[in-house]
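Structure, as structure tokens:
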Amino acid sequence: MTEDIKYTDCAETLDRIRKEILPLFEQAIYDSDVSYKNPHLENCWETLNCKSSQCSIYKTSAIQLRCWQSVGTYCGEKVQGDFIQKYASCKDCKVFKDAIPTLTEELGEHFNNMIFLLNKQKQIISDNSMNLAKLNSDLINSFEQLDTKNREIQLLMITDKLTGLYNRHHLSRVLEDEFDRHHRLRKDMSVLMADIDKFKSYNDTYGHLEGDKMLSGIGSIIKSSIRKYDKAFRYGGEEFLILFPDTNMDMAYIVAERIRKTFSETIFEINIKGNCINAGRTISMGINSLNQDHTIEALIKQADEALYQAKSKGGNIIIRNEG
């Protein structure tokens with residue numbers, strides 16, 4: 001009779017495991033939130049007559065809450081850690097033992113613990129992936145900002161602050177590269193030298209601050225008059241150089257005339273002791289075009305000689321070096 005009872009209990013247990021536990025493993029393949037619904041699960045604060053409001057789950061009304069999986073529970077007069085830290089002691093607790101009266105519930109709770117840990121690991125991996133993606137994005141943004149700042153710094157290093165044109169230091173590198181390229185390809189290239197007429201008297205009469213305003217003004221006029229592939233430089237003081245790649249003297253002259261005419265028609269307003277007066281100046285220019293016999297020095301020198309001729313003729317004109 002006793003053997004029959006044992007056989008019957010074993011068969012019932014196996015039947016319950018087959019019906020209640022095994023299907024959960026198949027469901028877990030598709031649903032990470034699957035869990036064993038344990039009818040013997042009780043609230044720990046009720047079972048242990050707990051009165052601690054310090055506990056993270058005290059009087060929590062959540063269904064199927066497992067205190068051994070909850071962080072920050074208050075047991076044994078101290079705050080407990082996470083599941084892995086406290087499980088060794090939790091499995092000997094009355095709450096856990098009461099929840100597994102038979103092998104079926106015990107297997108069910110072990111299944112739940114396994115799913116809990118897998119989901120926790122999954123969340124950690126997801127969080128790490130998100131953090132890594134954010135870190136990667138932040139690094140990319142930092143490199144882009146660094147690259148932008150580097151370009152800004154590089155531009156500041158080659159730009160004349162007052163006129164907004166390139167400075168003379170940058171001219172040496174640009175001119176050498178363009179000179180070599182145009183010589184090699186036998187293409188046209190022109191150089192323009194320009195100088196504001198009677199600029200010293202303007203400074204002496206109205207002051208260097210007003211002179212700086214005029215220099216800034218001519219810088220703006222030059223930038224708005226040249227083409228996007230032309231390059232303009234402040235050569236020194238009130239003198240400027242413009243490089244015209246792939247351009248013959250006739251085309252360079254057209255741009256130069258546009259600059260000369262615009263500047264000569266520009267009126268600068270000057271305030272002297274509360275009185276506003278209008279003043280202006282003209283600009284002289286010399287143009288030279290590259291030939292195969294030129295050196296860089298000769299190219300610049302001949303443009304400068306043409307500028308000197310323009311100045312000697314009274315200014316406000318453009319002289320071409322036809323030699």
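How things are named: the first chain in the structure tokens is A, the next is B, and so on; residues count from 1 in each chain; ligands count from 1 in the order shown.
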Find the residues around region 244-248 of chain A up to 8 Å (only C-alpha atoms counted), leave out those fewer than 3 positions away in its own chain, and share them as a PDB file with C-alpha atoms, in the first residue's frame.
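Heads up, here's the output in result.pdb:
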```pdb
ATOM      1  CA  GLU A 178      50.317  77.857 -57.374  1.00  0.00           C
ATOM      2  CA  HIS A 182      50.843  76.742 -63.265  1.00  0.00           C
ATOM      3  CA  LYS A 187      48.419  77.655 -67.434  1.00  0.00           C
ATOM      4  CA  ASP A 188      47.697  81.367 -67.042  1.00  0.00           C
ATOM      5  CA  MET A 189      48.137  83.001 -63.657  1.00  0.00           C
ATOM      6  CA  SER A 190      48.058  86.688 -62.766  1.00  0.00           C
ATOM      7  CA  VAL A 191      49.154  88.681 -59.737  1.00  0.00           C
ATOM      8  CA  LEU A 192      47.821  92.077 -58.670  1.00  0.00           C
ATOM      9  CA  TYR A 229      39.047  80.603 -56.303  1.00  0.00           C
ATOM     10  CA  ASP A 230      41.014  83.887 -56.199  1.00  0.00           C
ATOM     11  CA  LYS A 231      43.108  84.542 -53.088  1.00  0.00           C
ATOM     12  CA  MET A 251      40.394  88.849 -66.829  1.00  0.00           C
ATOM     13  CA  ALA A 252      42.454  89.996 -63.851  1.00  0.00           C
ATOM     14  CA  SER A 289      50.935  87.627 -65.576  1.00  0.00           C
TER      15      SER A 289
END
```
Between CA of Lys273 (chain A) and CA of Ser220 (chain A) lies a distance of 27.3 Å
* Name the residues of region 84-306 of chain A that come out as strand (DSSP E or B) in a backbone DSSP run; write them as number ranges by chain. => A: 159, 166, 189-196, 231-236, 239-245, 268-272, 275-279, 283-289
Counting only C-alpha atoms, closest pick from A:Thr13, A:Thr159, A:Ser264, A:Ser172 relative to Pro101 (chain A) is A:Thr13
Find the residues near Tyr166 (chain A): any atom within 10 Å, counting only C-alpha atoms, skip ones fewer than 4 places away on the same chain, and give them as a PDB file with N, CA and C atoms, in the first residue's frame.
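Final output, out32.pdb:
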```
ATOM      1  N   LEU A 155      42.743  78.749 -39.574  1.00  0.00           N
ATOM      2  CA  LEU A 155      42.290  79.906 -40.341  1.00  0.00           C
ATOM      3  C   LEU A 155      42.728  81.207 -39.683  1.00  0.00           C
ATOM      4  N   LEU A 156      42.639  81.252 -38.337  1.00  0.00           N
ATOM      5  CA  LEU A 156      43.075  82.449 -37.621  1.00  0.00           C
ATOM      6  C   LEU A 156      44.569  82.695 -37.820  1.00  0.00           C
ATOM      7  N   MET A 157      45.326  81.602 -37.878  1.00  0.00           N
ATOM      8  CA  MET A 157      46.776  81.735 -38.030  1.00  0.00           C
ATOM      9  C   MET A 157      47.181  82.291 -39.393  1.00  0.00           C
ATOM     10  N   ILE A 158      46.329  82.104 -40.395  1.00  0.00           N
ATOM     11  CA  ILE A 158      46.693  82.565 -41.742  1.00  0.00           C
ATOM     12  C   ILE A 158      45.875  83.790 -42.173  1.00  0.00           C
ATOM     13  N   THR A 159      45.086  84.334 -41.256  1.00  0.00           N
ATOM     14  CA  THR A 159      44.199  85.450 -41.601  1.00  0.00           C
ATOM     15  C   THR A 159      44.651  86.740 -40.930  1.00  0.00           C
ATOM     16  N   ASP A 160      44.621  87.808 -41.698  1.00  0.00           N
ATOM     17  CA  ASP A 160      44.891  89.130 -41.132  1.00  0.00           C
ATOM     18  C   ASP A 160      43.643  89.592 -40.388  1.00  0.00           C
ATOM     19  N   LYS A 161      43.777  89.854 -39.101  1.00  0.00           N
ATOM     20  CA  LYS A 161      42.629  90.158 -38.252  1.00  0.00           C
ATOM     21  C   LYS A 161      41.891  91.422 -38.686  1.00  0.00           C
ATOM     22  N   HIS A 170      51.008  83.408 -44.937  1.00  0.00           N
ATOM     23  CA  HIS A 170      50.337  82.367 -45.726  1.00  0.00           C
ATOM     24  C   HIS A 170      50.634  82.516 -47.216  1.00  0.00           C
ATOM     25  N   LEU A 171      50.952  83.721 -47.641  1.00  0.00           N
ATOM     26  CA  LEU A 171      51.212  83.982 -49.055  1.00  0.00           C
ATOM     27  C   LEU A 171      52.357  83.128 -49.602  1.00  0.00           C
ATOM     28  N   GLY A 219      39.314  95.614 -47.208  1.00  0.00           N
ATOM     29  CA  GLY A 219      39.321  94.152 -47.108  1.00  0.00           C
ATOM     30  C   GLY A 219      37.976  93.565 -47.511  1.00  0.00           C
ATOM     31  N   LYS A 231      42.629  84.441 -54.469  1.00  0.00           N
ATOM     32  CA  LYS A 231      43.108  84.542 -53.088  1.00  0.00           C
ATOM     33  C   LYS A 231      43.722  85.927 -52.875  1.00  0.00           C
ATOM     34  N   ALA A 232      43.248  86.581 -51.812  1.00  0.00           N
ATOM     35  CA  ALA A 232      43.703  87.948 -51.520  1.00  0.00           C
ATOM     36  C   ALA A 232      44.467  87.979 -50.203  1.00  0.00           C
ATOM     37  N   PHE A 233      45.539  88.782 -50.169  1.00  0.00           N
ATOM     38  CA  PHE A 233      46.425  88.850 -49.008  1.00  0.00           C
ATOM     39  C   PHE A 233      46.698  90.309 -48.631  1.00  0.00           C
ATOM     40  N   ARG A 234      46.829  90.539 -47.342  1.00  0.00           N
ATOM     41  CA  ARG A 234      47.363  91.832 -46.915  1.00  0.00           C
ATOM     42  C   ARG A 234      48.880  91.695 -46.957  1.00  0.00           C
ATOM     43  N   TYR A 235      49.482  92.419 -47.872  1.00  0.00           N
ATOM     44  CA  TYR A 235      50.909  92.272 -48.126  1.00  0.00           C
ATOM     45  C   TYR A 235      51.735  93.021 -47.086  1.00  0.00           C
ATOM     46  N   PHE A 240      48.277  95.421 -50.745  1.00  0.00           N
ATOM     47  CA  PHE A 240      47.589  94.140 -50.875  1.00  0.00           C
ATOM     48  C   PHE A 240      48.063  93.397 -52.126  1.00  0.00           C
ATOM     49  N   LEU A 241      47.944  92.084 -52.054  1.00  0.00           N
ATOM     50  CA  LEU A 241      48.273  91.246 -53.207  1.00  0.00           C
ATOM     51  C   LEU A 241      47.111  90.300 -53.460  1.00  0.00           C
ATOM     52  N   ILE A 242      46.733  90.168 -54.725  1.00  0.00           N
ATOM     53  CA  ILE A 242      45.672  89.235 -55.105  1.00  0.00           C
ATOM     54  C   ILE A 242      46.219  88.263 -56.136  1.00  0.00           C
TER      55      ILE A 242
END
```
Exercise: region 70-86 of chain A partners within 6 Å, only C-alpha atoms, chain neighbours under 3 positions left out, as a PDB file with C-alpha atoms, in the first residue's frame:
```pdb
ATOM      1  CA  CYS A  55      12.466  47.746   3.393  1.00  0.00           C
ATOM      2  CA  SER A  56      12.277  48.492  -0.337  1.00  0.00           C
ATOM      3  CA  CYS A  67      11.636  39.270  -2.068  1.00  0.00           C
ATOM      4  CA  SER A  89      20.696  33.166   2.917  1.00  0.00           C
TER       5      SER A  89
END
```
Please, which residues in region 7-34 of chain A fall within 9 Å of region 102-126 of chain A when counting only C-alpha atoms, and what is the closest atom pair and distance in Å to one decimal for each, ordered by chain then residue number, as CSV?
```
residue,atom,partner,partner_atom,distance
A:Thr13,CA,A:Thr104,CA,6.7
A:Leu14,CA,A:Thr104,CA,8.3
A:Arg16,CA,A:Thr104,CA,6.6
A:Ile17,CA,A:Thr104,CA,5.7
A:Glu20,CA,A:Thr104,CA,7.8
A:Ile21,CA,A:Gly108,CA,6.2
A:Leu24,CA,A:Phe111,CA,8.3
A:Phe25,CA,A:Phe111,CA,8.3
A:Ala28,CA,A:Ile115,CA,8.0
A:Ser32,CA,A:Asn119,CA,6.9
A:Asp33,CA,A:Ile115,CA,7.8
A:Val34,CA,A:Ile115,CA,7.9
```
Using only C-alpha atoms, the shortest atom-to-atom distance to Glu210 (chain A) among A:Arg227, A:Ala279, A:Gln154, A:Arg258 belongs to A:Ala279
8 Å contact set for Val255 (chain A), only C-alpha atoms, chain neighbours under 4 positions out, as a list in words: Ser225, Ile226, Met251 and Ile259 of chain A
- prompt: Which residue, A:Leu243, A:Ile254, A:Met285, A:Cys90, has the smallest gap to Leu175 (chain A) when you use only C-alpha atoms?
  reply: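 So, comparing all the options, the nearest one is A:Leu243.
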Selected residue, from A:Lys94, A:Arg281, A:Lys213, A:Arg18, that lies nearest to Thr47 (chain A) when counting only C-alpha atoms
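Checking each of A:Lys94, A:Arg281, A:Lys213, A:Arg18 against Thr47 (chain A), counting only C-alpha atoms, the winner is A:Lys94.
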Kindly give the distance, in Å, that separates CA of Thr163 (chain A) and CA of Gly217 (chain A), rounded to a single decimal.
->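 CA of Thr163 (chain A) sits 7.4 Å away from CA of Gly217 (chain A).
Excluding Lys59 (chain A) and any residue on its chain fewer than 6 positions from it, the residues at most 10 Å away by only C-alpha atoms are Asn43, Cys44, Trp45, Glu46, Cys50, Lys51, Ser52 and Ser53 of chain A.
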Exercise. Fewer than 2 positions away in the same chain doesn't count, so skip those; otherwise give me all residues within 9 Å of Ile287 (chain A), counting only C-alpha atoms, as a PyMOL selection string.
Key: chain A and resi 190-194+249+252-253+256+285+289+302-304+306-307+318-322
May I have the residues from that selection written out with C-alpha atoms, as an mmCIF file, in the first residue's frame?
```
data_model
loop_
_atom_site.group_PDB
_atom_site.id
_atom_site.type_symbol
_atom_site.label_atom_id
_atom_site.label_comp_id
_atom_site.auth_asym_id
_atom_site.auth_seq_id
_atom_site.Cartn_x
_atom_site.Cartn_y
_atom_site.Cartn_z
ATOM 1 C CA SER A 190 48.058 86.688 -62.766
ATOM 2 C CA VAL A 191 49.154 88.681 -59.737
ATOM 3 C CA LEU A 192 47.821 92.077 -58.670
ATOM 4 C CA MET A 193 49.565 94.457 -56.292
ATOM 5 C CA ALA A 194 47.444 97.261 -54.798
ATOM 6 C CA MET A 249 45.819 89.591 -67.546
ATOM 7 C CA ALA A 252 42.454 89.996 -63.851
ATOM 8 C CA TYR A 253 42.113 93.575 -65.046
ATOM 9 C CA ALA A 256 40.861 94.877 -60.482
ATOM 10 C CA MET A 285 47.156 98.732 -58.834
ATOM 11 C CA SER A 289 50.935 87.627 -65.576
ATOM 12 C CA GLN A 302 57.187 93.192 -61.966
ATOM 13 C CA ALA A 303 53.689 93.534 -60.481
ATOM 14 C CA ASP A 304 55.152 95.854 -57.854
ATOM 15 C CA ALA A 306 53.567 98.289 -62.375
ATOM 16 C CA LEU A 307 52.022 99.483 -59.096
ATOM 17 C CA ILE A 318 45.640 100.174 -62.977
ATOM 18 C CA ILE A 319 48.884 99.539 -64.845
ATOM 19 C CA ARG A 320 49.596 96.244 -66.608
ATOM 20 C CA ASN A 321 53.125 94.993 -66.875
ATOM 21 C CA GLU A 322 53.305 94.036 -70.529
#
```
Using only C-alpha atoms: which of A:Ala298, A:Ile221, A:Ile29, A:Met214 has the shortest distance to Leu162 (chain A):
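Between A:Ala298, A:Ile221, A:Ile29, A:Met214, the residue approaching Leu162 (chain A) most closely is A:Met214.
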